[in-house]
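Trainee: Structure file input25.csv, CSV, C-alpha atoms and all ligand atoms, is pasted below:
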```
chain,number,residue,atom,x,y,z
A,1,MET,CA,-114.0,-124.9,-20.4
A,2,ILE,CA,-116.1,-121.8,-20.4
A,3,ALA,CA,-114.1,-119.7,-18.0
A,4,SER,CA,-111.0,-119.9,-20.2
A,5,VAL,CA,-112.6,-118.9,-23.4
A,6,PRO,CA,-112.3,-115.1,-24.1
A,7,LEU,CA,-115.6,-113.4,-24.9
A,8,SER,CA,-115.9,-110.7,-27.6
A,9,LEU,CA,-118.8,-108.8,-29.1
A,10,TYR,CA,-119.5,-108.0,-32.7
A,11,VAL,CA,-121.9,-105.2,-33.5
A,12,HIS,CA,-123.2,-104.8,-37.1
A,13,ILE,CA,-124.2,-101.4,-38.6
A,14,PRO,CA,-125.9,-102.3,-41.9
A,15,TRP,CA,-125.8,-99.0,-43.9
A,16,CYS,CA,-123.5,-97.5,-46.5
A,17,VAL,CA,-123.7,-94.4,-48.6
A,18,GLN,CA,-123.9,-96.6,-51.6
A,19,LYS,CA,-123.3,-100.3,-52.5
A,20,CYS,CA,-119.9,-101.1,-53.9
A,21,PRO,CA,-120.0,-103.5,-56.9
A,22,TYR,CA,-117.7,-106.1,-55.3
A,23,CYS,CA,-119.3,-106.2,-51.8
A,24,ASP,CA,-121.1,-109.2,-50.5
A,25,PHE,CA,-121.4,-107.9,-46.9
A,26,ASN,CA,-124.8,-107.3,-45.3
A,27,SER,CA,-124.8,-103.6,-46.3
A,28,HIS,CA,-127.6,-101.5,-47.7
A,29,ALA,CA,-127.4,-98.2,-49.5
A,30,GLN,CA,-128.7,-95.4,-47.2
A,31,LYS,CA,-131.9,-94.1,-48.8
A,32,ALA,CA,-133.1,-91.8,-46.1
A,33,GLU,CA,-131.9,-90.4,-42.8
A,34,LEU,CA,-130.6,-93.3,-40.6
A,35,PRO,CA,-132.8,-94.4,-37.7
A,36,GLN,CA,-129.8,-93.9,-35.4
A,37,ALA,CA,-131.6,-93.7,-32.0
A,38,GLU,CA,-134.0,-96.5,-32.9
A,39,TYR,CA,-131.1,-98.8,-34.1
A,40,ILE,CA,-129.0,-98.2,-31.0
A,41,ALA,CA,-132.0,-99.0,-28.8
A,42,ALA,CA,-132.6,-102.2,-30.8
A,43,LEU,CA,-128.9,-103.2,-30.5
A,44,LEU,CA,-129.1,-102.9,-26.7
A,45,ASP,CA,-132.4,-104.7,-26.6
A,46,ASP,CA,-130.9,-107.5,-28.8
A,47,LEU,CA,-128.0,-107.7,-26.3
A,48,ASP,CA,-130.4,-107.9,-23.3
A,49,ARG,CA,-132.2,-110.8,-25.0
A,50,ASP,CA,-128.9,-112.6,-25.8
A,51,LEU,CA,-127.8,-112.2,-22.2
A,52,ALA,CA,-131.2,-113.6,-20.9
A,53,ARG,CA,-130.9,-116.6,-23.2
A,54,LEU,CA,-127.1,-117.3,-23.2
A,55,ASP,CA,-125.2,-117.8,-20.0
A,56,ILE,CA,-121.8,-116.1,-20.5
A,57,GLY,CA,-120.6,-117.2,-17.1
A,58,GLY,CA,-119.6,-113.9,-15.6
A,59,ARG,CA,-116.9,-113.2,-18.2
A,60,ASP,CA,-115.6,-109.7,-19.0
A,61,LEU,CA,-115.6,-108.4,-22.6
A,62,HIS,CA,-112.2,-108.9,-24.2
A,63,SER,CA,-112.9,-106.9,-27.4
A,64,ILE,CA,-115.7,-105.2,-29.4
A,65,PHE,CA,-115.7,-104.8,-33.1
A,66,ILE,CA,-118.2,-102.4,-34.7
A,67,GLY,CA,-118.4,-103.4,-38.3
A,68,GLY,CA,-120.7,-103.0,-41.3
A,69,GLY,CA,-121.7,-101.5,-43.5
A,70,THR,CA,-120.2,-98.2,-42.5
A,71,PRO,CA,-120.4,-97.6,-38.8
A,72,SER,CA,-118.8,-94.1,-39.1
A,73,LEU,CA,-122.2,-93.0,-40.6
A,74,MET,CA,-123.4,-93.1,-37.0
A,75,ALA,CA,-122.8,-89.9,-35.1
A,76,PRO,CA,-120.3,-90.1,-32.2
A,77,GLU,CA,-123.0,-89.4,-29.6
A,78,TYR,CA,-124.8,-92.6,-30.7
A,79,MET,CA,-121.6,-94.5,-30.5
A,80,ALA,CA,-121.1,-93.2,-27.0
A,81,ARG,CA,-124.6,-94.3,-26.1
A,82,LEU,CA,-124.0,-97.7,-27.6
A,83,LEU,CA,-120.7,-98.3,-25.8
A,84,ALA,CA,-122.0,-97.0,-22.4
A,85,GLY,CA,-125.0,-99.3,-22.8
A,86,ILE,CA,-122.8,-102.3,-23.5
A,87,GLU,CA,-120.6,-101.6,-20.6
A,88,ALA,CA,-123.6,-101.3,-18.3
A,89,ARG,CA,-124.6,-104.9,-19.3
A,90,ILE,CA,-121.2,-106.6,-19.5
A,91,PRO,CA,-118.1,-105.4,-17.7
A,92,PHE,CA,-115.2,-104.4,-19.9
A,93,ALA,CA,-111.7,-106.0,-19.4
A,94,SER,CA,-109.2,-103.3,-18.4
A,95,ASP,CA,-107.4,-103.8,-21.7
A,96,ILE,CA,-110.4,-104.1,-23.9
A,97,GLU,CA,-109.9,-103.5,-27.6
A,98,ILE,CA,-112.8,-101.5,-29.2
A,99,THR,CA,-112.5,-101.3,-33.0
A,100,MET,CA,-114.8,-99.3,-35.3
A,101,GLU,CA,-114.7,-99.5,-39.1
A,102,ALA,CA,-114.7,-96.1,-40.8
A,103,ASN,CA,-114.7,-94.7,-44.3
A,104,PRO,CA,-111.8,-92.3,-45.1
A,105,GLY,CA,-114.3,-89.6,-46.3
A,106,THR,CA,-113.7,-86.2,-44.9
A,107,VAL,CA,-116.7,-86.0,-42.6
A,108,GLU,CA,-116.0,-89.3,-41.0
A,109,ALA,CA,-112.3,-88.7,-40.4
A,110,GLU,CA,-113.0,-85.4,-38.7
A,111,ARG,CA,-115.1,-87.4,-36.2
A,112,PHE,CA,-112.3,-89.8,-35.2
A,113,HIS,CA,-111.4,-87.8,-32.1
A,114,ALA,CA,-115.1,-87.8,-31.0
A,115,TYR,CA,-115.3,-91.6,-31.5
A,116,GLN,CA,-112.2,-92.0,-29.4
A,117,ARG,CA,-113.8,-89.9,-26.6
A,118,ALA,CA,-116.9,-92.2,-27.0
A,119,GLY,CA,-114.7,-95.2,-26.1
A,120,VAL,CA,-113.4,-96.5,-29.4
A,121,ASN,CA,-109.7,-97.2,-29.2
A,122,ARG,CA,-108.9,-98.7,-32.6
A,123,ILE,CA,-110.2,-97.5,-36.0
A,124,SER,CA,-110.1,-99.6,-39.1
A,125,ILE,CA,-110.1,-97.4,-42.2
A,126,GLY,CA,-111.4,-98.9,-45.5
A,127,VAL,CA,-108.9,-97.4,-47.9
A,128,GLN,CA,-108.8,-100.2,-50.6
A,129,SER,CA,-106.6,-98.1,-53.0
A,130,PHE,CA,-105.1,-94.7,-53.3
A,131,GLU,CA,-105.5,-94.5,-57.0
A,132,ALA,CA,-108.5,-92.4,-58.4
A,133,GLU,CA,-109.3,-94.7,-61.3
A,134,LYS,CA,-109.3,-97.8,-59.1
A,135,LEU,CA,-111.4,-96.2,-56.4
A,136,GLU,CA,-113.9,-95.2,-59.0
A,137,ARG,CA,-114.0,-98.8,-60.4
A,138,LEU,CA,-114.6,-100.1,-56.9
A,139,GLY,CA,-117.5,-97.7,-56.4
A,140,ARG,CA,-115.8,-96.0,-53.5
A,141,ILE,CA,-116.8,-92.5,-52.5
A,142,HIS,CA,-113.5,-91.3,-51.2
A,143,ASN,CA,-110.3,-90.2,-53.0
A,144,GLY,CA,-106.7,-91.0,-52.3
A,145,ASP,CA,-106.0,-87.7,-50.6
A,146,GLU,CA,-108.9,-88.3,-48.2
A,147,ALA,CA,-107.5,-91.7,-47.3
A,148,ILE,CA,-104.0,-90.2,-46.6
A,149,ARG,CA,-105.6,-87.5,-44.4
A,150,ALA,CA,-107.7,-90.0,-42.5
A,151,ALA,CA,-104.6,-92.1,-41.7
A,152,HIS,CA,-102.8,-88.9,-40.5
A,153,ILE,CA,-105.8,-88.1,-38.3
A,154,ALA,CA,-105.8,-91.6,-36.9
A,155,ALA,CA,-102.1,-91.5,-36.3
A,156,GLY,CA,-102.3,-88.1,-34.5
A,157,SER,CA,-105.1,-89.2,-32.2
A,158,LYS,CA,-104.9,-91.0,-28.9
A,159,LEU,CA,-106.1,-94.3,-30.4
A,160,ASN,CA,-104.2,-97.4,-29.3
A,161,SER,CA,-104.0,-98.5,-32.9
A,162,PHE,CA,-105.4,-98.2,-36.3
A,163,ASN,CA,-105.7,-100.4,-39.4
A,164,LEU,CA,-105.7,-99.7,-43.1
A,165,ASP,CA,-107.7,-102.1,-45.3
A,166,LEU,CA,-106.0,-102.3,-48.7
A,167,MET,CA,-106.9,-104.5,-51.7
A,168,HIS,CA,-104.8,-105.8,-54.5
A,169,GLY,CA,-105.7,-107.7,-57.7
A,170,LEU,CA,-108.0,-104.9,-58.8
A,171,PRO,CA,-109.6,-104.6,-62.2
A,172,ASN,CA,-106.8,-103.9,-64.8
A,173,GLN,CA,-104.3,-103.4,-62.0
A,174,THR,CA,-100.6,-103.9,-62.9
A,175,PRO,CA,-98.1,-105.2,-60.3
A,176,GLU,CA,-96.5,-101.7,-60.4
A,177,GLN,CA,-99.8,-100.1,-59.5
A,178,ALA,CA,-100.6,-102.6,-56.7
A,179,LEU,CA,-97.1,-102.1,-55.2
A,180,ALA,CA,-97.4,-98.3,-55.4
A,181,ASP,CA,-100.6,-98.6,-53.4
A,182,LEU,CA,-98.9,-100.8,-50.8
A,183,LYS,CA,-95.8,-98.5,-50.6
A,184,GLN,CA,-98.1,-95.5,-50.0
A,185,ALA,CA,-99.9,-97.5,-47.2
A,186,ILE,CA,-96.6,-98.5,-45.6
A,187,GLU,CA,-95.5,-94.8,-45.7
A,188,LEU,CA,-98.5,-93.9,-43.5
A,189,ALA,CA,-97.1,-96.4,-40.9
A,190,PRO,CA,-100.4,-98.0,-39.7
A,191,PRO,CA,-99.8,-100.4,-36.8
A,192,HIS,CA,-102.0,-102.9,-38.6
A,193,LEU,CA,-102.5,-103.5,-42.3
A,194,SER,CA,-105.0,-105.8,-43.9
A,195,TRP,CA,-103.7,-106.5,-47.4
A,196,TYR,CA,-106.1,-108.7,-49.3
A,197,GLN,CA,-106.8,-109.8,-52.8
A,198,LEU,CA,-110.1,-108.9,-54.5
A,199,THR,CA,-112.2,-111.9,-55.0
A,200,ILE,CA,-115.4,-112.0,-57.0
A,201,GLU,CA,-118.3,-113.2,-54.8
A,202,PRO,CA,-121.8,-114.4,-55.8
A,203,ASN,CA,-124.6,-111.9,-55.4
A,204,THR,CA,-122.5,-108.9,-56.4
A,205,LEU,CA,-122.5,-106.7,-59.4
A,206,TYR,CA,-119.0,-107.9,-60.3
A,207,TYR,CA,-120.3,-111.4,-60.3
A,208,SER,CA,-122.9,-110.7,-63.0
A,209,GLN,CA,-120.6,-108.3,-64.9
A,210,PRO,CA,-117.1,-109.6,-64.2
A,211,PRO,CA,-114.2,-107.0,-64.6
A,212,LYS,CA,-110.9,-108.0,-66.1
A,213,LEU,CA,-108.6,-109.0,-63.2
A,214,PRO,CA,-104.8,-109.5,-63.2
A,215,ASP,CA,-103.7,-113.1,-64.3
A,216,ASP,CA,-102.2,-115.6,-61.9
A,217,ASP,CA,-98.6,-114.7,-62.7
A,218,ASP,CA,-99.2,-111.0,-62.0
A,219,LEU,CA,-101.1,-111.9,-58.8
A,220,TRP,CA,-98.1,-114.0,-57.6
A,221,ASP,CA,-95.7,-111.2,-58.4
A,222,ILE,CA,-97.8,-108.8,-56.5
A,223,TYR,CA,-98.0,-111.1,-53.5
A,224,GLU,CA,-94.4,-112.0,-53.4
A,225,GLN,CA,-93.0,-108.5,-53.8
A,226,GLY,CA,-95.7,-107.0,-51.6
A,227,HIS,CA,-95.0,-109.5,-48.8
A,228,GLN,CA,-91.3,-108.7,-49.0
A,229,LEU,CA,-92.0,-104.9,-48.8
A,230,LEU,CA,-94.1,-105.5,-45.7
A,231,GLU,CA,-91.5,-107.6,-44.0
A,232,GLU,CA,-88.8,-105.1,-44.7
A,233,ALA,CA,-91.0,-102.4,-43.2
A,234,GLY,CA,-91.3,-104.4,-39.9
A,235,TYR,CA,-94.7,-106.0,-40.4
A,236,GLN,CA,-95.3,-109.5,-39.2
A,237,HIS,CA,-97.6,-111.7,-41.4
A,238,TYR,CA,-99.7,-113.2,-38.6
A,239,GLU,CA,-102.8,-114.3,-40.6
A,240,VAL,CA,-103.7,-114.9,-44.3
A,241,SER,CA,-104.2,-111.2,-45.0
A,242,GLY,CA,-103.3,-109.7,-41.7
A,243,TYR,CA,-100.0,-107.8,-41.1
A,244,SER,CA,-99.1,-106.0,-38.0
A,245,LYS,CA,-96.3,-104.3,-36.1
A,246,PRO,CA,-95.2,-106.4,-33.1
A,247,GLY,CA,-97.9,-106.6,-30.5
A,248,LYS,CA,-100.5,-104.8,-32.7
A,249,GLN,CA,-102.4,-107.8,-34.0
A,250,CYS,CA,-106.2,-107.4,-34.0
A,251,ARG,CA,-107.3,-109.0,-30.7
A,252,HIS,CA,-110.8,-109.3,-31.9
A,253,ASN,CA,-110.0,-111.3,-35.0
A,254,LEU,CA,-107.4,-113.3,-33.1
A,255,ASN,CA,-110.2,-114.4,-30.8
A,256,TYR,CA,-112.3,-115.6,-33.8
A,257,TRP,CA,-109.4,-117.5,-35.2
A,258,ARG,CA,-108.5,-119.1,-31.8
A,259,PHE,CA,-112.1,-120.3,-31.7
A,260,GLY,CA,-113.0,-117.9,-28.9
A,261,ASP,CA,-116.5,-116.9,-28.0
A,262,TYR,CA,-118.4,-113.8,-29.3
A,263,LEU,CA,-121.9,-112.4,-29.0
A,264,GLY,CA,-123.2,-110.9,-32.2
A,265,ILE,CA,-125.8,-108.1,-32.2
A,266,GLY,CA,-127.3,-106.1,-35.1
A,267,CYS,CA,-128.6,-107.1,-38.6
A,268,GLY,CA,-127.3,-110.5,-39.7
A,269,ALA,CA,-124.7,-110.7,-36.9
A,270,HIS,CA,-123.3,-114.1,-36.0
A,271,GLY,CA,-122.5,-115.2,-32.4
A,272,LYS,CA,-120.8,-118.3,-30.8
A,273,VAL,CA,-121.0,-119.1,-27.1
A,274,SER,CA,-119.6,-122.1,-25.2
A,275,PHE,CA,-121.4,-123.3,-22.2
A,276,SER,CA,-120.1,-125.0,-19.0
A,277,ASP,CA,-122.2,-128.1,-19.9
A,278,GLY,CA,-120.1,-128.6,-23.0
A,279,ARG,CA,-122.6,-127.2,-25.6
A,280,ILE,CA,-121.4,-124.7,-28.2
A,281,ILE,CA,-124.2,-122.6,-29.7
A,282,ARG,CA,-124.2,-120.4,-32.8
A,283,THR,CA,-126.6,-117.6,-33.3
A,284,ILE,CA,-127.6,-115.6,-36.4
A,285,LYS,CA,-129.7,-112.4,-36.2
A,286,VAL,CA,-132.3,-111.2,-38.7
A,287,LYS,CA,-130.5,-109.9,-41.7
A,288,HIS,CA,-132.5,-107.0,-43.2
A,289,PRO,CA,-132.8,-103.8,-41.3
A,290,ARG,CA,-136.6,-103.7,-41.9
A,291,GLY,CA,-137.1,-107.1,-40.3
A,292,TYR,CA,-134.5,-106.4,-37.6
A,293,LEU,CA,-136.3,-103.3,-36.5
A,294,ASP,CA,-139.8,-104.9,-36.7
A,295,LEU,CA,-140.9,-104.8,-33.1
A,296,ALA,CA,-143.4,-107.7,-33.8
A,297,ARG,CA,-140.5,-110.2,-34.2
A,298,ASP,CA,-137.4,-111.4,-32.4
A,299,TYR,CA,-133.9,-110.3,-33.4
A,300,LEU,CA,-132.8,-113.9,-33.5
A,301,ASP,CA,-133.2,-115.6,-36.8
A,302,LYS,CA,-131.5,-119.0,-36.1
A,303,GLU,CA,-129.8,-120.7,-33.2
A,304,TYR,CA,-128.1,-124.1,-33.4
A,305,ASN,CA,-125.8,-126.4,-31.6
A,306,VAL,CA,-122.3,-127.1,-33.0
A,307,SER,CA,-122.1,-130.9,-32.9
A,308,GLU,CA,-119.1,-132.7,-31.6
A,309,GLN,CA,-118.5,-134.1,-35.1
A,310,GLU,CA,-118.3,-130.6,-36.6
A,311,ARG,CA,-116.0,-129.1,-34.0
A,312,PRO,CA,-112.5,-130.3,-35.2
A,313,PHE,CA,-113.1,-128.9,-38.7
A,314,GLU,CA,-114.5,-125.6,-37.4
A,315,TYR,CA,-111.6,-125.3,-34.9
A,316,PHE,CA,-108.8,-126.0,-37.4
A,317,MET,CA,-110.3,-124.1,-40.2
A,318,ASN,CA,-110.0,-121.0,-38.0
A,319,ARG,CA,-106.9,-121.9,-36.0
A,320,PHE,CA,-104.6,-122.9,-38.9
A,321,ARG,CA,-105.2,-119.5,-40.6
A,322,LEU,CA,-102.8,-118.1,-38.0
A,323,ALA,CA,-99.0,-118.1,-38.5
A,324,GLU,CA,-98.4,-118.8,-34.8
A,325,ALA,CA,-98.0,-122.4,-33.6
A,326,CYS,CA,-101.2,-123.9,-32.2
A,327,PRO,CA,-101.0,-125.0,-28.5
A,328,LYS,CA,-102.3,-128.6,-28.3
A,329,ALA,CA,-104.0,-128.0,-25.0
A,330,GLU,CA,-106.2,-125.3,-26.6
A,331,PHE,CA,-108.0,-127.8,-28.8
A,332,SER,CA,-109.6,-129.5,-25.8
A,333,GLU,CA,-110.2,-126.2,-23.9
A,334,ARG,CA,-112.0,-124.7,-26.9
A,335,THR,CA,-113.9,-127.7,-28.4
A,336,GLY,CA,-114.5,-129.7,-25.2
A,337,LEU,CA,-113.2,-132.8,-27.0
A,338,SER,CA,-110.3,-135.2,-26.2
A,339,LEU,CA,-107.3,-135.2,-28.5
A,340,SER,CA,-108.0,-138.9,-29.2
A,341,VAL,CA,-110.9,-137.9,-31.5
A,342,ILE,CA,-108.4,-136.3,-34.0
A,343,ALA,CA,-105.6,-138.8,-33.6
A,344,GLU,CA,-106.1,-140.3,-37.1
A,345,PRO,CA,-106.3,-137.1,-39.2
A,346,LEU,CA,-103.4,-135.6,-37.2
A,347,GLN,CA,-101.2,-138.5,-37.9
A,348,GLN,CA,-102.1,-138.2,-41.6
A,349,ALA,CA,-101.3,-134.5,-41.6
A,350,LEU,CA,-98.0,-135.1,-40.0
A,351,GLU,CA,-97.1,-138.0,-42.3
A,352,GLU,CA,-98.0,-135.9,-45.4
A,353,GLY,CA,-95.8,-133.1,-44.2
A,354,LEU,CA,-98.7,-130.6,-43.9
A,355,LEU,CA,-98.1,-130.2,-40.1
A,356,SER,CA,-95.1,-130.4,-37.8
A,357,GLU,CA,-95.3,-130.8,-34.0
A,358,THR,CA,-93.4,-130.4,-30.8
A,359,ALA,CA,-94.6,-131.9,-27.4
A,360,THR,CA,-96.9,-128.9,-26.9
A,361,HIS,CA,-97.7,-127.4,-30.3
A,362,TRP,CA,-98.6,-128.0,-33.9
A,363,GLN,CA,-97.3,-125.8,-36.7
A,364,VAL,CA,-98.6,-125.6,-40.3
A,365,THR,CA,-95.7,-126.3,-42.6
A,366,GLU,CA,-95.0,-124.4,-45.9
A,367,LYS,CA,-96.6,-127.4,-47.7
A,368,GLY,CA,-99.6,-127.1,-45.4
A,369,GLN,CA,-100.0,-123.5,-46.3
A,370,LEU,CA,-99.9,-124.3,-50.0
A,371,PHE,CA,-102.4,-127.2,-49.6
A,372,PHE,CA,-104.5,-125.5,-46.9
A,373,ASN,CA,-107.8,-126.9,-48.1
A,374,ASP,CA,-106.4,-130.5,-48.2
A,375,LEU,CA,-105.1,-130.0,-44.6
A,376,ILE,CA,-108.3,-128.9,-43.1
A,377,ALA,CA,-110.4,-131.3,-45.1
A,378,LEU,CA,-108.7,-134.1,-43.1
A,379,PHE,CA,-110.7,-132.9,-40.1
A,380,VAL,CA,-114.1,-133.1,-41.8
A,381,SER,CA,-116.1,-135.7,-40.0
A,382,GLU,CA,-117.5,-138.5,-42.2
A,383,ASP,CA,-120.9,-137.8,-40.7
A,384,ASP,CA,-120.7,-134.2,-42.2
A,385,GLU,CA,-119.8,-135.3,-45.8
C,1,LIG,S1,-118.4,-99.4,-48.0
C,1,LIG,FE1,-117.7,-101.5,-47.4
C,1,LIG,S2,-119.5,-102.5,-46.5
C,1,LIG,FE2,-120.2,-100.7,-47.7
C,1,LIG,S3,-120.8,-101.4,-49.7
C,1,LIG,FE3,-118.7,-100.7,-49.9
C,1,LIG,S4,-117.4,-102.6,-49.4
C,1,LIG,FE4,-119.5,-103.0,-48.7
```
Starting from the file, lay out its structure as structure tokens.
Mentor:
Amino acid sequence: MIASVPLSLYVHIPWCVQKCPYCDFNSHAQKAELPQAEYIAALLDDLDRDLARLDIGGRDLHSIFIGGGTPSLMAPEYMARLLAGIEARIPFASDIEITMEANPGTVEAERFHAYQRAGVNRISIGVQSFEAEKLERLGRIHNGDEAIRAAHIAAGSKLNSFNLDLMHGLPNQTPEQALADLKQAIELAPPHLSWYQLTIEPNTLYYSQPPKLPDDDDLWDIYEQGHQLLEEAGYQHYEVSGYSKPGKQCRHNLNYWRFGDYLGIGCGAHGKVSFSDGRIIRTIKVKHPRGYLDLARDYLDKEYNVSEQERPFEYFMNRFRLAEACPKAEFSERTGLSLSVIAEPLQQALEEGLLSETATHWQVTEKGQLFFNDLIALFVSEDDE
């Protein structure tokens, strides 16, 4: 199965100017000058060790996603060094997508052209809101004008695409405010828009001091009207919070959701690699920058085998997030299992109207979307409960 599974690479840059109160990502407030050269050398060393340990079977790289944290805190020359180093180790597919996350702050936006020359061809801009009061509540360091300017710079560059990340359901946000934010984002015409609802996660400041969020009725109004605005503007809703113009879906994220393979380098990065002997291995790197950069220890924190019992749930949990129909043949290609192992839960999902099927594909029904957790719970192996 290995040859047919596309291979991506995730690179984690763990620093931000300051920590946002809602953020549960592996990000650390920058306290001193960033050890840029040291970190890029460590990332490439980390990649070398992955390649020595994990047989990727001569595959090209299909996509790279440089996330964080705030990768745009790294100067373009270091980004160029990183991308050249990666390409020297794994050949790039001719149509590789290389995304870098960026803050809309002035300094970072002015560097977009330089990142593009370094090899980045898609930028994901963390806008979140255009409203001053909301940005302040979110602890963001940019303002609405900077976000608009950053989108204009991205649109005027030679990038293949760019994304705006926008949140709704913010503290004290009315439906009118949420929709005004969305209209502003649509006006900037990004090829891709990630429009997602703020959720309160454990281990964040918002968890210990919860803000007042819109009630369920307001959230539903925001979702329904926002979804309509996006569709009218020509965006396709292809994943839970992912909207794109035709052909502009994020290839990297599509590969995750289609249960593709990816190496993960950098602090706390996760990887998943399928082997020709049928094993699927997951890797997790050391989380804290101090430990990751400690030369006395390995970058790898954990490595484990995904058992055959776990694979159907893992596959469908990712696959059914996508609006597209799921090709039946892909299940065996990606999990190495025969369709007979899921015959029973599939039958149940079909009988309960959570799924529909043709000879070649499954499709999550509207009911299946509403009861998504019930749908994927059918594929939990009894051994895992
Ligand atoms: S900028 Fe992004 S990654 Fe950094 S703390 Fe804020 S939400 Fe988290």
Trainee: Dump as a tab-separated table the rows for residues of chain A within 8 Å of ligand LIG 1 (chain C): closest atom pair and distance in Å with one decimal, all atoms listed in the file counted, ordered by chain and rising residue number.
Mentor:
```
residue	atom	partner	partner_atom	distance
A:Pro14	CA	C:LIG1	S2	7.9
A:Trp15	CA	C:LIG1	FE2	7.0
A:Cys16	CA	C:LIG1	FE2	4.8
A:Val17	CA	C:LIG1	FE2	7.3
A:Gln18	CA	C:LIG1	S3	6.0
A:Lys19	CA	C:LIG1	S3	3.9
A:Cys20	CA	C:LIG1	FE3	4.2
A:Pro21	CA	C:LIG1	S3	7.5
A:Tyr22	CA	C:LIG1	S4	6.9
A:Cys23	CA	C:LIG1	FE4	4.5
A:Asp24	CA	C:LIG1	FE4	6.7
A:Phe25	CA	C:LIG1	FE4	5.6
A:Asn26	CA	C:LIG1	S2	7.3
A:Ser27	CA	C:LIG1	S2	5.4
A:His28	CA	C:LIG1	S3	7.1
A:Ala29	CA	C:LIG1	S3	7.3
A:Gly68	CA	C:LIG1	S2	5.4
A:Gly69	CA	C:LIG1	S2	3.9
A:Thr70	CA	C:LIG1	FE2	5.8
A:Asn103	CA	C:LIG1	S1	7.0
A:Gly126	CA	C:LIG1	FE1	7.1
A:Gly139	CA	C:LIG1	FE3	7.3
A:Arg140	CA	C:LIG1	FE3	6.6
```
Trainee: Out of A:Thr283, A:Gln173, A:Ser274, A:Gln369, which residue has the shortest atom-to-atom distance to Gly336 of chain A when counting all atoms listed in the file?
Mentor: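 Going through A:Thr283, A:Gln173, A:Ser274, A:Gln369 one by one, the smallest distance to Gly336 of chain A is for A:Ser274.
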Trainee: Please identify all polymer residues within 12 Å of segment 83-89 of chain A, counting all atoms listed in the file, omitting same-chain residues fewer than 5 positions from it, and present them as a PyMOL selection string.
Mentor: chain A and resi 8-11+40-52+56+58-66+76-78+94+96+98-100+115-121+263+265
Trainee: When you look at Ala151 of chain A with a cut-off of 8 Å (counting all atoms listed in the file), what residues show up, excluding the ones that are within fewer than 3 positions of it in the same chain? I need them as a list in words.
Mentor: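 Surrounding residues, per the criterion: Pro104, Ile125, Ala147, Ile148, Ala154, Ala155, Leu164, Leu188 and Pro190 of chain A.
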Trainee: Contacts of Cys326 of chain A at 8 Å or less, counting all atoms listed in the file, minus same-chain residues fewer than 4 places along, as a ChimeraX atom specification?
Mentor: /A:319-320,330,361-363
Trainee: Would you mind reading off the distance between atom CA of Cys267 of chain A and atom CA of Gly57 of chain A, one decimal, in Å?
Mentor: 25.1 Å
